[in-house]
file target_23.csv (CSV, C-alpha atoms)
chain,number,residue,atom,x,y,z
A,1,MET,CA,29.6,-12.3,22.9
A,2,GLU,CA,28.1,-13.0,19.5
A,3,THR,CA,24.3,-12.8,19.2
A,4,LYS,CA,22.8,-16.1,18.2
A,5,ARG,CA,20.9,-15.6,15.0
A,6,ILE,CA,17.4,-17.1,14.7
A,7,ARG,CA,16.5,-18.7,11.4
A,8,THR,CA,13.4,-16.8,10.3
A,9,ALA,CA,10.9,-16.7,7.5
A,10,VAL,CA,8.0,-14.7,6.2
A,11,VAL,CA,4.7,-16.4,5.4
A,12,GLY,CA,2.5,-14.2,3.1
A,13,CYS,CA,4.4,-12.2,0.5
A,14,GLY,CA,2.1,-9.1,0.3
A,15,LYS,CA,2.6,-5.5,1.4
A,16,ILE,CA,2.9,-6.2,5.1
A,17,GLY,CA,5.1,-9.1,4.4
A,18,THR,CA,7.6,-6.7,2.9
A,19,VAL,CA,7.7,-4.7,6.1
A,20,HIS,CA,8.5,-7.9,8.1
A,21,ALA,CA,11.0,-9.1,5.5
A,22,ASN,CA,12.8,-5.8,5.8
A,23,ALA,CA,13.0,-6.1,9.5
A,24,LEU,CA,14.0,-9.8,9.5
A,25,SER,CA,16.7,-9.2,7.0
A,26,SER,CA,18.2,-6.3,8.9
A,27,LEU,CA,18.0,-7.2,12.6
A,28,VAL,CA,21.2,-8.8,14.1
A,29,GLN,CA,19.1,-11.4,15.9
A,30,SER,CA,17.6,-12.7,12.6
A,31,GLU,CA,18.8,-14.7,9.6
A,32,LEU,CA,16.1,-14.6,7.0
A,33,VAL,CA,16.2,-18.0,5.3
A,34,ALA,CA,12.9,-18.4,3.4
A,35,VAL,CA,9.6,-17.0,2.3
A,36,CYS,CA,6.3,-18.7,1.6
A,37,ASP,CA,3.1,-17.7,-0.2
A,38,ALA,CA,0.2,-19.6,-1.6
A,39,SER,CA,1.0,-18.1,-5.0
A,40,PRO,CA,4.3,-19.7,-6.3
A,41,ASP,CA,4.9,-16.8,-8.6
A,42,ARG,CA,4.5,-14.2,-5.9
A,43,ALA,CA,6.7,-16.2,-3.5
A,44,LYS,CA,9.4,-16.6,-6.2
A,45,ALA,CA,9.5,-12.9,-6.9
A,46,PHE,CA,9.6,-12.1,-3.2
A,47,GLY,CA,12.3,-14.6,-2.5
A,48,GLU,CA,14.5,-13.2,-5.3
A,49,ARG,CA,14.1,-9.7,-3.8
A,50,TYR,CA,15.6,-10.9,-0.5
A,51,GLY,CA,18.0,-13.6,-1.9
A,52,VAL,CA,16.3,-16.5,-0.1
A,53,PRO,CA,14.5,-19.7,-1.2
A,54,ALA,CA,10.8,-19.4,-1.9
A,55,TYR,CA,8.1,-21.9,-1.2
A,56,SER,CA,4.4,-22.4,-1.6
A,57,ASP,CA,4.1,-25.2,0.9
A,58,LEU,CA,4.6,-24.5,4.6
A,59,MET,CA,5.8,-27.9,5.6
A,60,GLU,CA,8.3,-28.0,2.8
A,61,MET,CA,9.6,-24.6,3.8
A,62,ALA,CA,9.8,-25.5,7.5
A,63,VAL,CA,11.7,-28.7,6.9
A,64,GLN,CA,14.0,-27.7,4.1
A,65,SER,CA,15.0,-24.3,5.5
A,66,LYS,CA,15.1,-25.4,9.2
A,67,VAL,CA,13.0,-22.4,10.2
A,68,GLU,CA,12.9,-21.5,13.9
A,69,ALA,CA,10.5,-18.4,13.8
A,70,VAL,CA,8.1,-17.0,11.3
A,71,ALA,CA,6.2,-13.8,10.7
A,72,ILE,CA,2.7,-14.7,9.5
A,73,CYS,CA,1.4,-12.1,7.2
A,74,THR,CA,-1.4,-13.9,5.4
A,75,PRO,CA,-5.0,-12.7,5.4
A,76,HIS,CA,-6.2,-13.0,9.0
A,77,PRO,CA,-8.9,-15.6,8.4
A,78,VAL,CA,-6.2,-18.1,7.6
A,79,HIS,CA,-3.7,-17.3,10.4
A,80,ALA,CA,-4.9,-20.4,12.4
A,81,ASP,CA,-4.2,-22.7,9.4
A,82,ALA,CA,-0.6,-21.7,9.2
A,83,ILE,CA,0.0,-22.0,12.9
A,84,GLU,CA,-1.5,-25.4,13.0
A,85,VAL,CA,1.2,-26.5,10.6
A,86,LEU,CA,4.2,-24.6,12.1
A,87,ALA,CA,3.8,-24.6,15.9
A,88,PRO,CA,3.8,-28.4,16.3
A,89,LEU,CA,7.2,-28.3,14.4
A,90,GLY,CA,8.6,-26.1,17.2
A,91,ILE,CA,8.4,-22.9,15.2
A,92,HIS,CA,7.7,-19.7,17.0
A,93,CYS,CA,5.0,-17.5,15.4
A,94,LEU,CA,4.6,-13.7,15.3
A,95,VAL,CA,1.2,-13.0,13.7
A,96,GLU,CA,-0.1,-9.8,12.0
A,97,LYS,CA,-3.2,-8.3,13.5
A,98,PRO,CA,-5.8,-9.3,14.2
A,99,LEU,CA,-4.9,-12.7,15.6
A,100,ALA,CA,-8.1,-14.2,14.0
A,101,ILE,CA,-11.6,-13.3,13.1
A,102,ASP,CA,-13.4,-15.2,15.9
A,103,LEU,CA,-12.7,-16.3,19.5
A,104,ALA,CA,-12.7,-20.0,18.7
A,105,SER,CA,-9.9,-19.6,16.2
A,106,CYS,CA,-8.0,-17.4,18.8
A,107,ASP,CA,-8.3,-20.1,21.4
A,108,LYS,CA,-7.2,-22.8,19.0
A,109,ILE,CA,-4.1,-20.8,18.1
A,110,ILE,CA,-3.2,-20.1,21.7
A,111,GLU,CA,-3.7,-23.7,22.7
A,112,THR,CA,-1.7,-25.0,19.7
A,113,CYS,CA,1.3,-22.9,20.7
A,114,ARG,CA,0.9,-23.7,24.4
A,115,ARG,CA,1.0,-27.4,23.7
A,116,ALA,CA,3.9,-27.1,21.3
A,117,GLY,CA,5.8,-24.9,23.8
A,118,THR,CA,6.4,-22.2,21.2
A,119,LYS,CA,6.2,-18.4,21.5
A,120,LEU,CA,3.1,-16.6,20.1
A,121,GLY,CA,3.1,-12.9,19.5
A,122,VAL,CA,0.6,-10.5,17.8
A,123,MET,CA,1.7,-7.4,16.0
A,124,SER,CA,0.7,-4.2,17.8
A,125,GLN,CA,3.7,-2.0,17.0
A,126,ARG,CA,1.9,1.2,18.0
A,127,ARG,CA,2.7,0.3,21.6
A,128,TRP,CA,6.3,1.3,20.6
A,129,TYR,CA,5.3,4.7,19.2
A,130,ALA,CA,7.0,7.4,21.4
A,131,PRO,CA,3.7,9.3,22.1
A,132,HIS,CA,2.1,6.1,23.4
A,133,VAL,CA,5.1,5.1,25.5
A,134,ARG,CA,4.9,8.6,27.1
A,135,MET,CA,1.2,8.0,27.9
A,136,ARG,CA,1.8,4.6,29.4
A,137,ARG,CA,4.7,5.9,31.6
A,138,ALA,CA,2.5,8.7,32.8
A,139,ILE,CA,-0.3,6.3,33.7
A,140,ASP,CA,2.1,3.9,35.4
A,141,ALA,CA,3.7,6.8,37.4
A,142,GLY,CA,0.2,8.0,38.6
A,143,ALA,CA,0.7,11.3,36.9
A,144,ILE,CA,-3.1,11.5,36.0
A,145,GLY,CA,-4.3,9.7,39.2
A,146,GLN,CA,-6.4,6.8,38.1
A,147,PRO,CA,-7.5,6.5,34.5
A,148,VAL,CA,-11.2,7.2,34.6
A,149,LEU,CA,-12.2,7.9,30.9
A,150,ALA,CA,-10.8,6.9,27.6
A,151,ILE,CA,-11.8,7.9,24.1
A,152,VAL,CA,-10.8,6.2,20.9
A,153,SER,CA,-11.6,7.9,17.6
A,154,VAL,CA,-10.8,6.2,14.2
A,155,LEU,CA,-12.1,8.5,11.4
A,156,GLY,CA,-10.7,7.4,8.1
A,157,TRP,CA,-11.5,6.6,4.5
A,158,ARG,CA,-11.3,3.4,2.4
A,159,ASP,CA,-12.6,3.7,-1.2
A,160,GLU,CA,-14.0,1.1,-3.5
A,161,ALA,CA,-10.6,0.4,-5.1
A,162,TYR,CA,-9.2,-0.6,-1.7
A,163,TYR,CA,-11.9,-3.2,-1.1
A,164,ALA,CA,-11.5,-4.4,-4.7
A,165,SER,CA,-7.8,-4.8,-4.3
A,166,ASP,CA,-8.1,-8.3,-2.8
A,167,PRO,CA,-11.1,-10.6,-3.3
A,168,TRP,CA,-11.3,-11.4,0.5
A,169,ARG,CA,-11.9,-7.8,1.5
A,170,GLY,CA,-15.3,-6.5,2.5
A,171,ARG,CA,-17.0,-9.9,3.0
A,172,TRP,CA,-18.1,-11.5,6.3
A,173,ALA,CA,-16.9,-15.0,5.2
A,174,THR,CA,-13.5,-14.0,4.1
A,175,GLU,CA,-12.6,-10.9,6.1
A,176,GLY,CA,-14.7,-11.4,9.2
A,177,GLY,CA,-15.7,-7.8,9.5
A,178,GLY,CA,-14.9,-4.3,8.3
A,179,VAL,CA,-13.3,-1.3,10.1
A,180,LEU,CA,-13.3,-3.0,13.4
A,181,VAL,CA,-11.4,-6.0,12.2
A,182,ASN,CA,-9.0,-4.4,9.8
A,183,GLN,CA,-8.4,-0.8,10.7
A,184,ALA,CA,-9.3,-0.5,14.4
A,185,PRO,CA,-7.3,-3.3,16.1
A,186,HIS,CA,-4.3,-1.2,17.0
A,187,GLN,CA,-6.5,1.4,18.8
A,188,LEU,CA,-8.5,-1.4,20.5
A,189,ASP,CA,-5.2,-2.8,21.8
A,190,LEU,CA,-4.0,0.6,23.0
A,191,LEU,CA,-7.3,1.1,24.8
A,192,GLN,CA,-6.9,-2.0,26.9
A,193,TRP,CA,-3.1,-1.5,27.3
A,194,PHE,CA,-3.9,1.9,28.9
A,195,MET,CA,-7.1,1.1,30.7
A,196,GLY,CA,-7.1,-2.6,31.6
A,197,PRO,CA,-9.7,-5.2,30.9
A,198,ILE,CA,-13.3,-4.4,29.9
A,199,GLY,CA,-16.2,-5.4,32.0
A,200,GLU,CA,-19.2,-4.5,29.8
A,201,LEU,CA,-19.8,-3.0,26.4
A,202,HIS,CA,-22.9,-1.7,24.5
A,203,ALA,CA,-22.5,-1.0,20.8
A,204,TYR,CA,-23.9,-0.5,17.3
A,205,TRP,CA,-22.5,-0.8,13.9
A,206,ALA,CA,-23.6,0.2,10.4
A,207,ASN,CA,-22.6,0.4,6.7
A,208,VAL,CA,-23.3,4.1,6.0
A,209,ASN,CA,-21.6,4.7,2.6
A,210,HIS,CA,-20.0,1.6,1.2
A,211,PRO,CA,-22.8,-0.3,-0.7
A,212,SER,CA,-20.3,-2.5,-2.5
A,213,ILE,CA,-19.2,-4.3,0.6
A,214,GLU,CA,-21.1,-6.5,3.2
A,215,VAL,CA,-19.3,-5.5,6.3
A,216,GLU,CA,-19.5,-2.5,8.6
A,217,ASP,CA,-17.8,0.7,7.8
A,218,THR,CA,-18.8,2.4,11.0
A,219,ALA,CA,-19.2,1.4,14.7
A,220,VAL,CA,-19.7,3.0,18.1
A,221,ALA,CA,-19.4,1.5,21.5
A,222,VAL,CA,-19.7,2.6,25.2
A,223,VAL,CA,-17.5,0.7,27.6
A,224,ARG,CA,-17.2,0.2,31.3
A,225,PHE,CA,-13.9,-1.2,32.4
A,226,ARG,CA,-13.5,-3.6,35.3
A,227,SER,CA,-11.8,-0.8,37.2
A,228,GLY,CA,-15.1,1.2,36.9
A,229,ALA,CA,-13.6,3.6,34.4
A,230,LEU,CA,-15.6,4.5,31.3
A,231,GLY,CA,-14.7,4.6,27.6
A,232,ASN,CA,-16.0,5.4,24.2
A,233,ILE,CA,-15.0,3.9,20.8
A,234,VAL,CA,-15.9,5.4,17.5
A,235,ALA,CA,-14.5,3.7,14.4
A,236,SER,CA,-15.3,4.5,10.8
A,237,ASN,CA,-13.9,4.2,7.3
A,238,SER,CA,-16.5,6.7,6.0
A,239,GLN,CA,-14.9,10.2,6.3
A,240,LYS,CA,-13.6,11.4,2.9
A,241,PRO,CA,-10.8,12.4,3.1
A,242,GLY,CA,-9.7,10.6,6.3
A,243,LEU,CA,-9.4,12.8,9.3
A,244,HIS,CA,-7.4,11.2,12.1
A,245,TRP,CA,-6.9,8.3,14.5
A,246,ARG,CA,-6.7,9.4,18.2
A,247,ILE,CA,-6.7,8.1,21.7
A,248,GLU,CA,-7.2,10.1,24.9
A,249,VAL,CA,-7.0,9.1,28.5
A,250,HIS,CA,-8.4,11.3,31.3
A,251,GLY,CA,-7.5,10.9,34.9
A,252,SER,CA,-9.1,11.2,38.3
A,253,ASN,CA,-7.0,14.2,39.2
A,254,GLY,CA,-8.3,16.1,36.2
A,255,ALA,CA,-5.2,15.6,34.0
A,256,SER,CA,-5.6,14.5,30.4
A,257,ILE,CA,-3.1,12.8,28.0
A,258,GLY,CA,-3.6,11.9,24.4
A,259,ALA,CA,-2.1,11.1,21.0
A,260,ARG,CA,-3.0,11.5,17.4
A,261,THR,CA,-1.8,8.1,16.4
A,262,GLU,CA,-2.3,8.7,12.7
A,263,GLY,CA,-3.4,11.6,10.6
A,264,ALA,CA,-5.6,11.8,7.5
A,265,SER,CA,-3.4,9.2,5.7
A,266,MET,CA,-4.4,6.6,8.3
A,267,THR,CA,-0.7,5.7,8.8
A,268,ALA,CA,2.2,7.4,10.5
A,269,SER,CA,3.9,7.7,7.1
A,270,GLY,CA,6.0,10.7,7.1
A,271,ASP,CA,7.2,14.0,8.6
A,272,ASP,CA,4.0,15.8,7.5
A,273,ASP,CA,1.7,13.5,9.4
A,274,PRO,CA,3.5,11.7,12.2
A,275,ALA,CA,2.1,10.3,15.4
A,276,ILE,CA,2.3,13.0,18.1
A,277,ASN,CA,1.0,13.7,21.6
A,278,ASP,CA,-1.6,16.4,21.0
A,279,VAL,CA,-3.1,16.6,24.6
A,280,TRP,CA,-1.0,16.8,27.7
A,281,THR,CA,-2.3,18.7,30.8
A,282,VAL,CA,-0.3,16.9,33.5
A,283,SER,CA,0.6,19.5,36.1
A,284,GLY,CA,4.1,20.9,35.5
A,285,GLU,CA,4.5,19.1,32.2
A,286,GLU,CA,2.3,21.1,29.9
A,287,GLN,CA,5.4,22.8,28.3
A,288,LEU,CA,6.8,19.4,27.1
A,289,LEU,CA,4.2,19.0,24.4
A,290,ALA,CA,5.9,21.3,21.8
A,291,ARG,CA,9.3,19.7,22.4
A,292,TRP,CA,7.8,16.1,22.1
A,293,GLN,CA,6.1,17.1,18.8
A,294,ALA,CA,9.3,18.4,17.4
A,295,GLU,CA,11.1,15.2,18.4
A,296,ASP,CA,8.5,13.0,16.8
A,297,ARG,CA,8.5,15.0,13.6
A,298,ALA,CA,12.3,14.8,13.5
A,299,THR,CA,12.1,11.0,14.0
A,300,ALA,CA,9.6,10.7,11.1
A,301,ARG,CA,12.0,12.6,8.8
A,302,THR,CA,14.7,10.0,9.4
A,303,GLY,CA,12.8,7.1,7.7
A,304,THR,CA,9.6,5.3,7.5
A,305,PRO,CA,7.9,5.1,11.0
A,306,GLU,CA,5.9,2.0,9.9
A,307,GLN,CA,9.2,0.1,9.3
A,308,LEU,CA,10.9,1.5,12.4
A,309,TYR,CA,8.2,0.4,14.9
A,310,HIS,CA,7.5,-2.9,13.2
A,311,ALA,CA,11.2,-3.7,13.5
A,312,ARG,CA,11.1,-2.8,17.3
A,313,GLN,CA,8.4,-5.3,17.9
A,314,VAL,CA,10.0,-7.9,15.7
A,315,GLU,CA,13.2,-7.4,17.7
A,316,ASP,CA,11.3,-7.9,21.0
A,317,PHE,CA,9.8,-11.1,19.7
A,318,LEU,CA,13.1,-12.5,18.7
A,319,ASP,CA,14.6,-11.5,22.0
A,320,ALA,CA,11.7,-13.3,23.7
A,321,VAL,CA,12.5,-16.5,21.7
A,322,ALA,CA,16.2,-16.3,22.6
A,323,ALA,CA,15.6,-15.5,26.3
A,324,ASP,CA,12.6,-17.9,26.7
A,325,ARG,CA,10.3,-15.2,28.0
A,326,ASP,CA,6.9,-14.0,26.9
A,327,PRO,CA,6.8,-11.4,24.1
A,328,ALA,CA,5.6,-7.9,24.9
A,329,VAL,CA,2.3,-8.5,23.0
A,330,SER,CA,1.1,-12.0,23.6
A,331,GLY,CA,-1.5,-14.3,22.0
A,332,GLU,CA,-3.8,-13.4,24.9
A,333,ASP,CA,-3.4,-9.7,24.1
A,334,GLY,CA,-4.3,-10.5,20.5
A,335,ARG,CA,-7.4,-12.4,21.7
A,336,SER,CA,-8.5,-9.4,23.8
A,337,VAL,CA,-8.8,-7.3,20.6
A,338,VAL,CA,-10.9,-10.0,18.9
A,339,GLU,CA,-13.0,-10.1,22.1
A,340,ILE,CA,-13.8,-6.4,21.8
A,341,PHE,CA,-14.9,-6.4,18.2
A,342,THR,CA,-16.8,-9.7,18.7
A,343,ALA,CA,-18.6,-8.0,21.7
A,344,ILE,CA,-19.6,-5.1,19.4
A,345,TYR,CA,-21.1,-7.4,16.8
A,346,ARG,CA,-23.0,-9.4,19.6
A,347,SER,CA,-24.3,-6.3,21.3
A,348,GLN,CA,-26.0,-5.2,18.1
A,349,ARG,CA,-27.3,-8.7,17.3
A,350,ASP,CA,-28.7,-9.1,20.8
A,351,ARG,CA,-29.8,-5.5,21.3
A,352,ARG,CA,-28.2,-5.3,24.8
A,353,PRO,CA,-24.9,-4.8,26.6
A,354,VAL,CA,-22.4,-7.6,26.5
A,355,GLN,CA,-20.6,-8.8,29.6
A,356,PHE,CA,-16.9,-9.8,29.6
A,357,PRO,CA,-15.2,-12.2,29.4
A,358,LEU,CA,-16.7,-13.7,26.2
A,359,LYS,CA,-16.8,-17.3,25.3
A,360,PRO,CA,-16.8,-18.6,21.7
A,361,GLU,CA,-20.1,-19.2,20.0
A,362,THR,CA,-20.9,-21.5,17.1
A,363,ALA,CA,-23.3,-19.0,15.4
A,364,PRO,CA,-22.0,-15.8,13.8
A,365,ALA,CA,-22.6,-12.6,15.8
A,366,LEU,CA,-24.0,-10.7,12.9
A,367,ASP,CA,-27.3,-8.8,12.5
A,368,GLY,CA,-27.4,-5.6,10.6
call {"tool": "encode", "arguments": {"input": "target_23.csv", "output": "structure tokens"}}
result
Amino acid sequence: METKRIRTAVVGCGKIGTVHANALSSLVQSELVAVCDASPDRAKAFGERYGVPAYSDLMEMAVQSKVEAVAICTPHPVHADAIEVLAPLGIHCLVEKPLAIDLASCDKIIETCRRAGTKLGVMSQRRWYAPHVRMRRAIDAGAIGQPVLAIVSVLGWRDEAYYASDPWRGRWATEGGGVLVNQAPHQLDLLQWFMGPIGELHAYWANVNHPSIEVEDTAVAVVRFRSGALGNIVASNSQKPGLHWRIEVHGSNGASIGARTEGASMTASGDDDPAINDVWTVSGEEQLLARWQAEDRATARTGTPEQLYHARQVEDFLDAVAADRDPAVSGEDGRSVVEIFTAIYRSQRDRRPVQFPLKPETAPALDG
């Protein structure tokens, strides 16, 4: 039986838009029919690369190209603007992380898609990384008992040229935050995917060595999950060169599992620095670590992991559209990530622990 191809488009023709366009032009479920960008010149060049029409107006693209699903790859503060136009037209939206920069925008996005009856997904392709799949399976199988402690460590580097590369970077009004909003969301998503919802969080943030930007480059938080488990988050763009991104989960039976999700390059970009399991003390499985690391390095040598795992999540989203089911990473999952970094900002502002769930506020949660 022939697979029905969904008419797809990319909104936002930057670096991450290229990753989505590559996936949407190669997956059998997708027929890439259009691209759109606020810059007509950039849209035109992008469209020529993929052999599809280019637009600078969302409504025009949606109507003329009869788009059914889009990947939204614009800067995150304007995700809601695009969804407000597209979802009421019946167009399903897969959104790059983070879903938005505040809870009110998240709730608006989720409600807009709910009313329209369209699917909403948020990119968190690291859930598909083999080391993280192994961790989730071990937790689900009870191999570590109950998860009782989790540690997230994001120790990377962003230089001044990075923040200068786009005018919206490094400003509260246009980026919404720093390392928590732009670099840490994948790890924050994994934290809750492994541990469940958070009950309480106490945190601090600072800008320790990036005087040219307004936003934080470093944050720390202590977490108590609703299950009673504990957690720690350390996120920083201030280690030169970057060191690693890691997540560990420790169990009630004494077993520990963990993964280095990225190395110094801050992306699983090649065979010299792939995502690997680097901690595994599950009884009777300790010997598997070397084999898994070899498998993951071999996978990294076959292509670009970033493209591979993006494509897997894009494929899941298109399958969800075709089957009328929820995508693996939902809008509510995306909101949970925004809830965590919002709680960190509020905790410092109010000088106290923050209780979950959080509701939107009208005032910004900032106080350095």
call {"tool": "closest_atom_pairs", "arguments": {"input": "target_23.csv", "of": "region 112-191 of chain A", "to": "region 300-317 of chain A", "cutoff": "10 Å", "atoms": "only C-alpha atoms", "output": "CSV"}}
result
residue,atom,partner,partner_atom,distance
A:Lys119,CA,A:Phe317,CA,8.3
A:Leu120,CA,A:Phe317,CA,8.7
A:Gly121,CA,A:Phe317,CA,6.9
A:Val122,CA,A:Gln313,CA,9.4
A:Met123,CA,A:Gln313,CA,7.3
A:Ser124,CA,A:Gln313,CA,7.8
A:Gln125,CA,A:His310,CA,5.4
A:Arg126,CA,A:Tyr309,CA,7.1
A:Arg127,CA,A:Tyr309,CA,8.7
A:Trp128,CA,A:Tyr309,CA,6.1
A:Tyr129,CA,A:Tyr309,CA,6.7
A:Ala130,CA,A:Tyr309,CA,9.6
call {"tool": "write_last_selection", "arguments": {"input": "target_23.csv", "atoms": "C-alpha atoms", "output": "mmCIF file, in the coordinates of the input"}}
result
data_model
loop_
_atom_site.group_PDB
_atom_site.id
_atom_site.type_symbol
_atom_site.label_atom_id
_atom_site.label_comp_id
_atom_site.auth_asym_id
_atom_site.auth_seq_id
_atom_site.Cartn_x
_atom_site.Cartn_y
_atom_site.Cartn_z
ATOM 1 C CA LYS A 119 6.200 -18.400 21.500
ATOM 2 C CA LEU A 120 3.100 -16.600 20.100
ATOM 3 C CA GLY A 121 3.100 -12.900 19.500
ATOM 4 C CA VAL A 122 0.600 -10.500 17.800
ATOM 5 C CA MET A 123 1.700 -7.400 16.000
ATOM 6 C CA SER A 124 0.700 -4.200 17.800
ATOM 7 C CA GLN A 125 3.700 -2.000 17.000
ATOM 8 C CA ARG A 126 1.900 1.200 18.000
ATOM 9 C CA ARG A 127 2.700 0.300 21.600
ATOM 10 C CA TRP A 128 6.300 1.300 20.600
ATOM 11 C CA TYR A 129 5.300 4.700 19.200
ATOM 12 C CA ALA A 130 7.000 7.400 21.400
#
call {"tool": "residues_around", "arguments": {"input": "target_23.csv", "residues": "region 270-284 of chain A", "least_positions_apart": "6", "cutoff": "6 Å", "atoms": "all atoms listed in the file", "output": "PyMOL selection string"}}
result
chain A and resi 131+255-263+293+297+300-301
call {"tool": "residues_around", "arguments": {"input": "target_23.csv", "residues": "region 201-205 of chain A", "least_positions_apart": "4", "cutoff": "9 Å", "atoms": "all atoms listed in the file", "output": "NGL selection string"}}
result
:A and (216-225 or 233 or 340 or 343-349 or 351-356 or 368)
call {"tool": "write_last_selection", "arguments": {"input": "target_23.csv", "atoms": "C-alpha atoms", "output": "mmCIF file, in the coordinates of the input"}}
result
data_model
loop_
_atom_site.group_PDB
_atom_site.id
_atom_site.type_symbol
_atom_site.label_atom_id
_atom_site.label_comp_id
_atom_site.auth_asym_id
_atom_site.auth_seq_id
_atom_site.Cartn_x
_atom_site.Cartn_y
_atom_site.Cartn_z
ATOM 1 C CA GLU A 216 -19.500 -2.500 8.600
ATOM 2 C CA ASP A 217 -17.800 0.700 7.800
ATOM 3 C CA THR A 218 -18.800 2.400 11.000
ATOM 4 C CA ALA A 219 -19.200 1.400 14.700
ATOM 5 C CA VAL A 220 -19.700 3.000 18.100
ATOM 6 C CA ALA A 221 -19.400 1.500 21.500
ATOM 7 C CA VAL A 222 -19.700 2.600 25.200
ATOM 8 C CA VAL A 223 -17.500 0.700 27.600
ATOM 9 C CA ARG A 224 -17.200 0.200 31.300
ATOM 10 C CA PHE A 225 -13.900 -1.200 32.400
ATOM 11 C CA ILE A 233 -15.000 3.900 20.800
ATOM 12 C CA ILE A 340 -13.800 -6.400 21.800
ATOM 13 C CA ALA A 343 -18.600 -8.000 21.700
ATOM 14 C CA ILE A 344 -19.600 -5.100 19.400
ATOM 15 C CA TYR A 345 -21.100 -7.400 16.800
ATOM 16 C CA ARG A 346 -23.000 -9.400 19.600
ATOM 17 C CA SER A 347 -24.300 -6.300 21.300
ATOM 18 C CA GLN A 348 -26.000 -5.200 18.100
ATOM 19 C CA ARG A 349 -27.300 -8.700 17.300
ATOM 20 C CA ARG A 351 -29.800 -5.500 21.300
ATOM 21 C CA ARG A 352 -28.200 -5.300 24.800
ATOM 22 C CA PRO A 353 -24.900 -4.800 26.600
ATOM 23 C CA VAL A 354 -22.400 -7.600 26.500
ATOM 24 C CA GLN A 355 -20.600 -8.800 29.600
ATOM 25 C CA PHE A 356 -16.900 -9.800 29.600
ATOM 26 C CA GLY A 368 -27.400 -5.600 10.600
#
call {"tool": "atom_distance", "arguments": {"input": "target_23.csv", "atom1": "CA of Leu58 (chain A)", "atom2": "CA of Gly334 (chain A)"}}
result
23.0 Å
call {"tool": "residues_around", "arguments": {"input": "target_23.csv", "residues": "Trp172 (chain A)", "least_positions_apart": "2", "cutoff": "10 Å", "atoms": "only C-alpha atoms", "output": "JSON, numbers by chain"}}
result
{"A": [101, 168, 169, 170, 174, 175, 176, 177, 178, 213, 214, 215, 216, 364, 366]}
call {"tool": "closest_residue", "arguments": {"input": "target_23.csv", "among": "A:Ser252, A:Ser227, A:Asn22, A:Gln239", "to": "Gln192 (chain A)", "atoms": "only C-alpha atoms"}}
result
A:Ser227
call {"tool": "atom_distance", "arguments": {"input": "target_23.csv", "atom1": "CA of Gln64 (chain A)", "atom2": "CA of His20 (chain A)"}}
result
20.9 Å
call {"tool": "atom_distance", "arguments": {"input": "target_23.csv", "atom1": "CA of Arg158 (chain A)", "atom2": "CA of Ser236 (chain A)"}}
result
9.4 Å
call {"tool": "residues_around", "arguments": {"input": "target_23.csv", "residues": "Ala235 (chain A)", "least_positions_apart": "5", "cutoff": "12 Å", "atoms": "all atoms listed in the file", "output": "number ranges by chain"}}
result
A: 151-157, 178-188, 203-207, 216-221, 242-247, 341, 344
call {"tool": "residues_near_point", "arguments": {"input": "target_23.csv", "point": "(-5.9, -13.5, 6.3)", "cutoff": "10 Å", "atoms": "all atoms listed in the file", "output": "VMD selection string"}}
result
chain A and resid 12 72 to 81 96 to 101 168 to 169 174 to 176
call {"tool": "closest_residue", "arguments": {"input": "target_23.csv", "among": "A:Gln29, A:Ser238, A:Ile139, A:Ala150", "to": "Ala323 (chain A)", "atoms": "all atoms listed in the file"}}
result
A:Gln29
call {"tool": "closest_residue", "arguments": {"input": "target_23.csv", "among": "A:Ala45, A:Ile109, A:Ile6, A:Ala161", "to": "Leu24 (chain A)", "atoms": "all atoms listed in the file"}}
result
A:Ile6
call {"tool": "closest_residue", "arguments": {"input": "target_23.csv", "among": "A:Leu289, A:Leu318, A:Ala141, A:Ala62", "to": "Ala23 (chain A)", "atoms": "only C-alpha atoms"}}
result
A:Leu318
call {"tool": "closest_residue", "arguments": {"input": "target_23.csv", "among": "A:Gly142, A:Glu332, A:Val321, A:Ala82", "to": "Ser30 (chain A)", "atoms": "all atoms listed in the file"}}
result
A:Val321
call {"tool": "residues_around", "arguments": {"input": "target_23.csv", "residues": "Thr118 (chain A)", "least_positions_apart": "2", "cutoff": "7 Å", "atoms": "all atoms listed in the file", "output": "PyMOL selection string"}}
result
chain A and resi 87+90-92+113-114+116+120
